[in-house]
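Accompanying notes for the structure given below.
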Amino acid sequence: MASSAFSSPETVFKIDIPEEKIDHLKQKLALVRPPDELEDAGRDYGVPLEDIQRLLAHWKNGYDWRKYERLLNEDMPQFKKDIHVDGFGTLGIHYVHKQSTVEGAIPLLFVHGWPGSFIEVRKILPLLTEASPDHPSFHVVAFSLPGYGFSDAPRTKGFQISQYAETGHKLMVSLGYEEYVTQGGDIGFFITRRIAKLYGGQHSKAWHSNYARLPEPTPPYLLQSPWLYFVNLLTHYTPAEKAALERTQWFMKSGTGYFKEQSTQPQTLGYSLTDSPVGLLAWIYEKLVNWSDSYPWDDDEVLTWVSIYWFSAAGPAASLRVYYEMVQAGDRAPEKTTTPLGYSYFPKEIFNVPRLWTRTPNLVFEAEHDSGGHFAAYEQPLELVKDLRRMFGKKGPVFGVVTGKTGY
């Protein structure tokens with residue numbers, strides 16, 4: 001690996017939650033007082049009481065954190081490294097790093113969002129690093145965003161999308177990956193887009209996302225893009241695009257309450273999520289179910305996702321603040337990049353508009369899927385990996401984009 005000005009010692013990391021923290025969680029769970037519920041409420045008012053009662057009973061009497069702690073350690077090689085972020089000092093960054101046996105593998109930075117974590121890379125990790133003459137292989141890095149998982153959180157205001165991008169970029173360079181590609185959804189879309197904007201060309205060579213996001217689900221307007229505006233007037237949407245737009249309109253009307261709170265008063269919400277494990281469970285579980293495509297969430301899966309937040313280094317409140325900072329900085333606004341871009345479209349993604357609306361001159365790859373939702377890497381790992389293999393493979397539009405690293 002090449003040396004770098006950003007280099008610092010890399011420390012092997014193993015998740016090992018102190019027993020007293022597990023005991024404290026058990027004490028909290030024993031004192032839970034659930035709310036009442038209206039008759040025949042279903043999911044209209046939020047998470048059904050029946051679901052929470054089932055999950056709570058399992059969390060108290062059946063779920064084994066140590067089992068999943070061990071599996072997470074076995075499945076994903078984890079490390080921690082100090083990364084200096086300009087204006088915010090040095091943060092200890094937790095990350096997964098698995099290298100392929102293929103010498104020419106493509107360095108790829110995977111960026112998660114909320115309410116995800118580094119666990120989202122778990123299923124795609126062995127697929128991406130797999131060696132084969134039939135498809136490219138990748139060296140994969142997936143970092144816990146500052147304030148998430150086992151990474152440190154910033155201690156001062158103003159840690160915006162550019163700082164998350166700086167953290168990911170400096171981590172890659174410190175590992176010797178002077179050139180790399182990225183993949184991200186949810187908040188990871190905004191971070192990888194900013195990486196492409198700030199470090200594109202020299203370092204960030206291409207980016208892929210399963211979240212083709214616009215500020216609002218509205219078609220191109222005349223002053224924004226006259227050509228797209230008139231083309232849109234003459235375009236007939238496909239049945240899939242119409243269904244996706246209905247899904248998006250549902251989300252904008254009935255699913256964005258979390259965003260309003262997290263982007264305006266995150267500290268207030270943080271008290272509840274930090275003090276109440278069931279409050280945290282309900283807040284995250286709602287999104288896991290509503291944002292996925294009928295994925296059969298196992299109770300142990302849900303509790304592992306939530307436990308990572310509960311046991312996180314900075315606590316659950318820290319994960320919310322990115323929304324506030326993102327809105328304050330205007331980081332959700334359209335941003336042009338020239339770095340080659342690829343999109344994968346999954347039908348139950350929460351923001352999913354007609355393809356014409358999100359096409360830009362640098363878009364070189366698109367893939368449609370019949371199933372899958374917001375958590376593509378977890379719900380449809382093979383399909384997402386196939387897209388990356390096609391985009392970066394020998395017949396793909398960005399084959400050989402990383403100097404000397406074709407994936408073969």
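Chain lettering (A, B, ...) mirrors the order of the structure tokens, residue numbering begins at 1 for each chain separately, and ligand numbering begins at 1 in order of display.
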### Val289 in chain A surroundings by only C-alpha atoms, 12 Å radius, close-in-sequence under 4 positions cut, as a ChimeraX atom specification
/A:43,46-48,51,115,255,281-285,293-299,301-302,348,350,373-375,379
Let me see the file: selected residues, C-alpha atoms, as a compact mmCIF listing (two decimals), in the first residue's frame.
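So the final result, stored in selection36.txt, reads:
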```txt
# COMPACT_ATOMS: atom_id res chain seq x y z
CA ARG A 43 -50.05 0.34 10.91
CA GLY A 46 -47.35 3.71 13.51
CA VAL A 47 -45.80 0.47 14.70
CA PRO A 48 -48.46 -2.00 15.97
CA ASP A 51 -45.14 -6.17 17.05
CA PRO A 115 -31.23 3.90 10.08
CA GLY A 255 -43.52 8.89 5.88
CA LEU A 281 -36.66 -0.03 18.64
CA ALA A 282 -39.98 1.41 17.49
CA TRP A 283 -38.33 4.38 15.76
CA ILE A 284 -36.05 2.14 13.69
CA TYR A 285 -38.33 -0.87 13.24
CA ASP A 293 -40.14 -4.51 -0.09
CA SER A 294 -41.91 -7.10 2.06
CA TYR A 295 -38.53 -8.23 3.35
CA PRO A 296 -39.09 -11.01 5.93
CA TRP A 297 -37.39 -9.33 8.86
CA ASP A 298 -36.41 -11.88 11.46
CA ASP A 299 -36.72 -10.65 15.05
CA GLU A 301 -32.14 -9.22 12.59
CA VAL A 302 -34.20 -6.30 13.82
CA LYS A 348 -40.04 0.00 -3.26
CA ILE A 350 -38.96 5.49 -0.81
CA GLY A 373 -36.65 -1.43 -1.38
CA HIS A 374 -34.59 1.16 0.46
CA PHE A 375 -32.07 -1.25 1.96
CA GLU A 379 -32.65 -6.90 0.80
```
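When CA of His97 in chain A is paired with CA of Lys21 in chain A, their separation reads 26.9 Å.
For the atom pair formed by CA of Pro35 in chain A and CA of Gly279 in chain A, the distance is 10.8 Å, given to one decimal.
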Produce a table with one row for each residue of range 180-247 of chain A that has an atom at most 10 Å from any atom of range 151-163 of chain A, each row naming the nearest atom pair and its distance in Å at one decimal; use only C-alpha atoms; arrange rows by chain and rising residue number; format as JSON lines.
```
{"residue": "A:Ile187", "atom": "CA", "partner": "A:Ile161", "partner_atom": "CA", "distance": 8.8}
{"residue": "A:Gly188", "atom": "CA", "partner": "A:Ile161", "partner_atom": "CA", "distance": 9.5}
{"residue": "A:Phe190", "atom": "CA", "partner": "A:Ile161", "partner_atom": "CA", "distance": 7.0}
{"residue": "A:Ile191", "atom": "CA", "partner": "A:Ile161", "partner_atom": "CA", "distance": 5.8}
{"residue": "A:Thr192", "atom": "CA", "partner": "A:Ile161", "partner_atom": "CA", "distance": 9.3}
{"residue": "A:Arg193", "atom": "CA", "partner": "A:Ile161", "partner_atom": "CA", "distance": 9.5}
{"residue": "A:Arg194", "atom": "CA", "partner": "A:Ser162", "partner_atom": "CA", "distance": 6.4}
{"residue": "A:Ile195", "atom": "CA", "partner": "A:Ser162", "partner_atom": "CA", "distance": 7.8}
{"residue": "A:Lys197", "atom": "CA", "partner": "A:Ser162", "partner_atom": "CA", "distance": 9.7}
{"residue": "A:Leu198", "atom": "CA", "partner": "A:Ser162", "partner_atom": "CA", "distance": 8.3}
```
Could those residues be written to a file, using C-alpha atoms, as an mmCIF file, in the first residue's frame?
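Writing the result to again-v1.cif gives the following:
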```cif
data_model
loop_
_atom_site.group_PDB
_atom_site.id
_atom_site.type_symbol
_atom_site.label_atom_id
_atom_site.label_comp_id
_atom_site.auth_asym_id
_atom_site.auth_seq_id
_atom_site.Cartn_x
_atom_site.Cartn_y
_atom_site.Cartn_z
ATOM 1 C CA ILE A 187 -27.448 9.608 3.313
ATOM 2 C CA GLY A 188 -24.694 7.679 1.561
ATOM 3 C CA PHE A 190 -25.337 12.667 -0.573
ATOM 4 C CA ILE A 191 -21.941 11.733 0.846
ATOM 5 C CA THR A 192 -20.737 9.850 -2.241
ATOM 6 C CA ARG A 193 -22.053 12.659 -4.447
ATOM 7 C CA ARG A 194 -20.013 15.145 -2.434
ATOM 8 C CA ILE A 195 -16.977 12.873 -2.644
ATOM 9 C CA LYS A 197 -17.732 16.669 -6.363
ATOM 10 C CA LEU A 198 -14.727 17.351 -4.123
#
```
Check range 9-193 of chain A with DSSP on the backbone and list each residue it calls strand (DSSP E), as a tab-separated table (two decimals) with N, CA, C and O atoms, in the first residue's frame.
```tsv
chain	number	residue	atom	x	y	z
A	10	GLU	N	-3.30	1.62	11.98
A	10	GLU	CA	-4.56	0.90	11.88
A	10	GLU	C	-4.63	-0.13	13.00
A	10	GLU	O	-3.70	-0.89	13.21
A	11	THR	N	-5.74	-0.12	13.73
A	11	THR	CA	-5.91	-1.02	14.86
A	11	THR	C	-7.02	-2.01	14.58
A	11	THR	O	-8.12	-1.61	14.20
A	12	VAL	N	-6.74	-3.30	14.75
A	12	VAL	CA	-7.78	-4.31	14.61
A	12	VAL	C	-8.85	-4.05	15.67
A	12	VAL	O	-8.55	-3.76	16.82
A	78	GLN	N	-12.77	-5.91	10.95
A	78	GLN	CA	-13.01	-4.54	11.40
A	78	GLN	C	-11.75	-3.92	11.98
A	78	GLN	O	-10.91	-4.60	12.57
A	79	PHE	N	-11.68	-2.60	11.82
A	79	PHE	CA	-10.51	-1.85	12.25
A	79	PHE	C	-10.94	-0.50	12.78
A	79	PHE	O	-12.10	-0.09	12.63
A	80	LYS	N	-10.01	0.20	13.37
A	80	LYS	CA	-10.25	1.57	13.79
A	80	LYS	C	-9.00	2.38	13.50
A	80	LYS	O	-7.89	1.90	13.67
A	81	LYS	N	-9.21	3.60	13.04
A	81	LYS	CA	-8.10	4.45	12.64
A	81	LYS	C	-8.46	5.90	12.93
A	81	LYS	O	-9.62	6.30	12.78
A	82	ASP	N	-7.48	6.67	13.35
A	82	ASP	CA	-7.69	8.09	13.58
A	82	ASP	C	-7.65	8.84	12.26
A	82	ASP	O	-6.71	8.69	11.47
A	83	ILE	N	-8.67	9.64	12.03
A	83	ILE	CA	-8.75	10.47	10.83
A	83	ILE	C	-8.92	11.92	11.26
A	83	ILE	O	-9.83	12.25	12.02
A	84	HIS	N	-8.06	12.79	10.77
A	84	HIS	CA	-8.16	14.21	11.09
A	84	HIS	C	-9.13	14.87	10.11
A	84	HIS	O	-8.97	14.77	8.90
A	85	VAL	N	-10.14	15.54	10.64
A	85	VAL	CA	-11.12	16.26	9.82
A	85	VAL	C	-10.90	17.75	10.04
A	85	VAL	O	-10.96	18.23	11.18
A	89	GLY	N	-10.82	18.37	14.39
A	89	GLY	CA	-9.88	17.54	15.12
A	89	GLY	C	-9.83	16.12	14.60
A	89	GLY	O	-10.21	15.83	13.46
A	90	THR	N	-9.37	15.23	15.44
A	90	THR	CA	-9.16	13.83	15.07
A	90	THR	C	-10.29	12.97	15.61
A	90	THR	O	-10.64	13.06	16.79
A	91	LEU	N	-10.86	12.14	14.75
A	91	LEU	CA	-11.93	11.22	15.13
A	91	LEU	C	-11.46	9.79	14.92
A	91	LEU	O	-10.83	9.47	13.90
A	92	GLY	N	-11.77	8.93	15.88
A	92	GLY	CA	-11.52	7.51	15.70
A	92	GLY	C	-12.62	6.91	14.84
A	92	GLY	O	-13.79	6.93	15.22
A	93	ILE	N	-12.24	6.40	13.68
A	93	ILE	CA	-13.22	5.91	12.72
A	93	ILE	C	-13.17	4.38	12.66
A	93	ILE	O	-12.13	3.78	12.41
A	94	HIS	N	-14.32	3.79	12.89
A	94	HIS	CA	-14.50	2.34	12.81
A	94	HIS	C	-14.86	1.98	11.38
A	94	HIS	O	-15.65	2.67	10.73
A	95	TYR	N	-14.29	0.90	10.86
A	95	TYR	CA	-14.59	0.51	9.49
A	95	TYR	C	-14.35	-0.98	9.26
A	95	TYR	O	-13.59	-1.64	9.98
A	96	VAL	N	-15.03	-1.47	8.25
A	96	VAL	CA	-14.82	-2.82	7.74
A	96	VAL	C	-13.87	-2.71	6.56
A	96	VAL	O	-14.02	-1.80	5.72
A	97	HIS	N	-12.91	-3.61	6.47
A	97	HIS	CA	-11.97	-3.58	5.34
A	97	HIS	C	-11.64	-5.02	4.96
A	97	HIS	O	-11.00	-5.75	5.72
A	98	LYS	N	-12.12	-5.42	3.81
A	98	LYS	CA	-11.83	-6.76	3.31
A	98	LYS	C	-11.25	-6.66	1.91
A	98	LYS	O	-11.86	-6.09	1.01
A	106	ILE	N	-10.69	-3.64	-7.56
A	106	ILE	CA	-11.04	-2.22	-7.56
A	106	ILE	C	-11.35	-1.77	-6.13
A	106	ILE	O	-12.23	-2.34	-5.48
A	107	PRO	N	-10.70	-0.73	-5.63
A	107	PRO	CA	-11.03	-0.22	-4.30
A	107	PRO	C	-12.41	0.42	-4.31
A	107	PRO	O	-12.69	1.30	-5.15
A	108	LEU	N	-13.27	0.01	-3.39
A	108	LEU	CA	-14.64	0.52	-3.32
A	108	LEU	C	-14.97	0.95	-1.90
A	108	LEU	O	-14.78	0.18	-0.96
A	109	LEU	N	-15.46	2.16	-1.77
A	109	LEU	CA	-15.91	2.69	-0.49
A	109	LEU	C	-17.43	2.59	-0.44
A	109	LEU	O	-18.13	3.20	-1.26
A	110	PHE	N	-17.94	1.82	0.52
A	110	PHE	CA	-19.38	1.67	0.73
A	110	PHE	C	-19.81	2.61	1.85
A	110	PHE	O	-19.22	2.62	2.93
A	111	VAL	N	-20.87	3.41	1.58
A	111	VAL	CA	-21.30	4.41	2.56
A	111	VAL	C	-22.76	4.16	2.93
A	111	VAL	O	-23.65	4.23	2.07
A	138	PHE	N	-13.48	-6.61	-5.95
A	138	PHE	CA	-13.29	-5.33	-5.28
A	138	PHE	C	-12.59	-5.51	-3.94
A	138	PHE	O	-12.81	-6.51	-3.24
A	139	HIS	N	-11.77	-4.53	-3.58
A	139	HIS	CA	-11.33	-4.35	-2.20
A	139	HIS	C	-12.37	-3.44	-1.55
A	139	HIS	O	-12.63	-2.33	-2.06
A	140	VAL	N	-12.98	-3.86	-0.47
A	140	VAL	CA	-14.13	-3.13	0.08
A	140	VAL	C	-13.80	-2.49	1.43
A	140	VAL	O	-13.27	-3.14	2.33
A	141	VAL	N	-14.15	-1.21	1.53
A	141	VAL	CA	-14.07	-0.47	2.79
A	141	VAL	C	-15.46	0.07	3.08
A	141	VAL	O	-16.09	0.69	2.22
A	142	ALA	N	-15.97	-0.18	4.28
A	142	ALA	CA	-17.27	0.35	4.72
A	142	ALA	C	-17.08	0.96	6.09
A	142	ALA	O	-16.84	0.25	7.06
A	143	PHE	N	-17.16	2.29	6.17
A	143	PHE	CA	-16.90	2.92	7.46
A	143	PHE	C	-18.20	3.28	8.17
A	143	PHE	O	-19.22	3.56	7.55
A	180	TYR	N	-10.29	5.36	-6.23
A	180	TYR	CA	-11.30	4.43	-5.73
A	180	TYR	C	-12.65	4.77	-6.35
A	180	TYR	O	-12.83	5.81	-7.00
A	181	VAL	N	-13.63	3.90	-6.14
A	181	VAL	CA	-15.01	4.14	-6.55
A	181	VAL	C	-15.88	4.06	-5.30
A	181	VAL	O	-15.42	3.59	-4.25
A	182	THR	N	-17.12	4.51	-5.40
A	182	THR	CA	-17.99	4.52	-4.22
A	182	THR	C	-19.36	3.94	-4.53
A	182	THR	O	-19.79	3.92	-5.67
A	183	GLN	N	-20.02	3.48	-3.47
A	183	GLN	CA	-21.40	3.04	-3.55
A	183	GLN	C	-22.13	3.49	-2.29
A	183	GLN	O	-21.61	3.33	-1.19
A	184	GLY	N	-23.33	4.04	-2.46
A	184	GLY	CA	-24.06	4.49	-1.28
A	184	GLY	C	-25.53	4.72	-1.57
A	184	GLY	O	-25.92	5.03	-2.70
```
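Minimum distance to Lys123 in chain A across A:Val353, A:Leu175, A:Ala376, A:Val398 (counting only C-alpha atoms) occurs at A:Ala376.
Counting only C-alpha atoms, the residue from A:Thr274, A:Asn232, A:Ser371, A:Ser225 that sits nearest to Ala244 in chain A is A:Ser371.
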### Summary
Here CA of Ala131 in chain A and CA of Gln380 in chain A stand apart by 20.3 Å
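Near His24 in chain A, within 12 Å and counting only C-alpha atoms, sit A:Ile17, A:Pro18, A:Glu19, A:Glu20, A:Lys28, A:Leu29, A:Ala30, A:Leu31, A:Lys60, A:Asp275, A:Ser276, A:Pro277, A:Trp310, A:Phe311, not including residues fewer than 4 positions from it in the same chain.
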Keeping C-alpha atoms for every residue in the selection just given, could you write it to a file as a JSON list (two decimals), in the first residue's frame?
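In the end it all went to out.json:
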```json
[["chain", "number", "residue", "atom", "x", "y", "z"],
["A", 17, "ILE", "CA", -19.67, -4.67, 24.61],
["A", 18, "PRO", "CA", -18.94, -4.53, 28.34],
["A", 19, "GLU", "CA", -21.16, -6.79, 30.41],
["A", 20, "GLU", "CA", -22.37, -3.87, 32.50],
["A", 28, "LYS", "CA", -34.23, -0.88, 31.05],
["A", 29, "LEU", "CA", -36.20, -3.57, 29.23],
["A", 30, "ALA", "CA", -37.61, -4.87, 32.50],
["A", 31, "LEU", "CA", -39.11, -1.44, 33.26],
["A", 60, "LYS", "CA", -35.73, -9.70, 27.18],
["A", 275, "ASP", "CA", -32.93, 6.61, 27.34],
["A", 276, "SER", "CA", -35.56, 4.19, 26.02],
["A", 277, "PRO", "CA", -34.49, 1.02, 24.19],
["A", 310, "TRP", "CA", -28.03, 1.23, 21.44],
["A", 311, "PHE", "CA", -24.44, 0.13, 22.03]]
```
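Closest approach to Phe259 in chain A among A:Tyr229, A:Tyr237, A:Tyr309, A:Trp114 is made by A:Trp114 (distances from only C-alpha atoms).
Shortest separation to Gly315 in chain A among A:Met172, A:Ala329, A:Val402, A:Leu273 occurs at residue A:Leu273, atoms counted being only C-alpha atoms.
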### Task
Give the alpha helix (DSSP H) residues of range 53-226 of chain A, as DSSP finds them on the backbone, and put them as a ChimeraX atom specification.
/A:53-61,65-75,125-128,161-174,187-199,226
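Minimum atom-to-atom distances from A:Phe392, A:Phe189, A:Trp207, A:Tyr408 to Asn362 in chain A were compared using only C-alpha atoms, and the lowest value belongs to A:Trp207.
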### Query
Excluding same-chain residues fewer than 2 positions from Thr337 in chain A, what lies within 7 Å of it counting only C-alpha atoms, as a VMD selection string?
chain A and resid 196 to 197 335 339
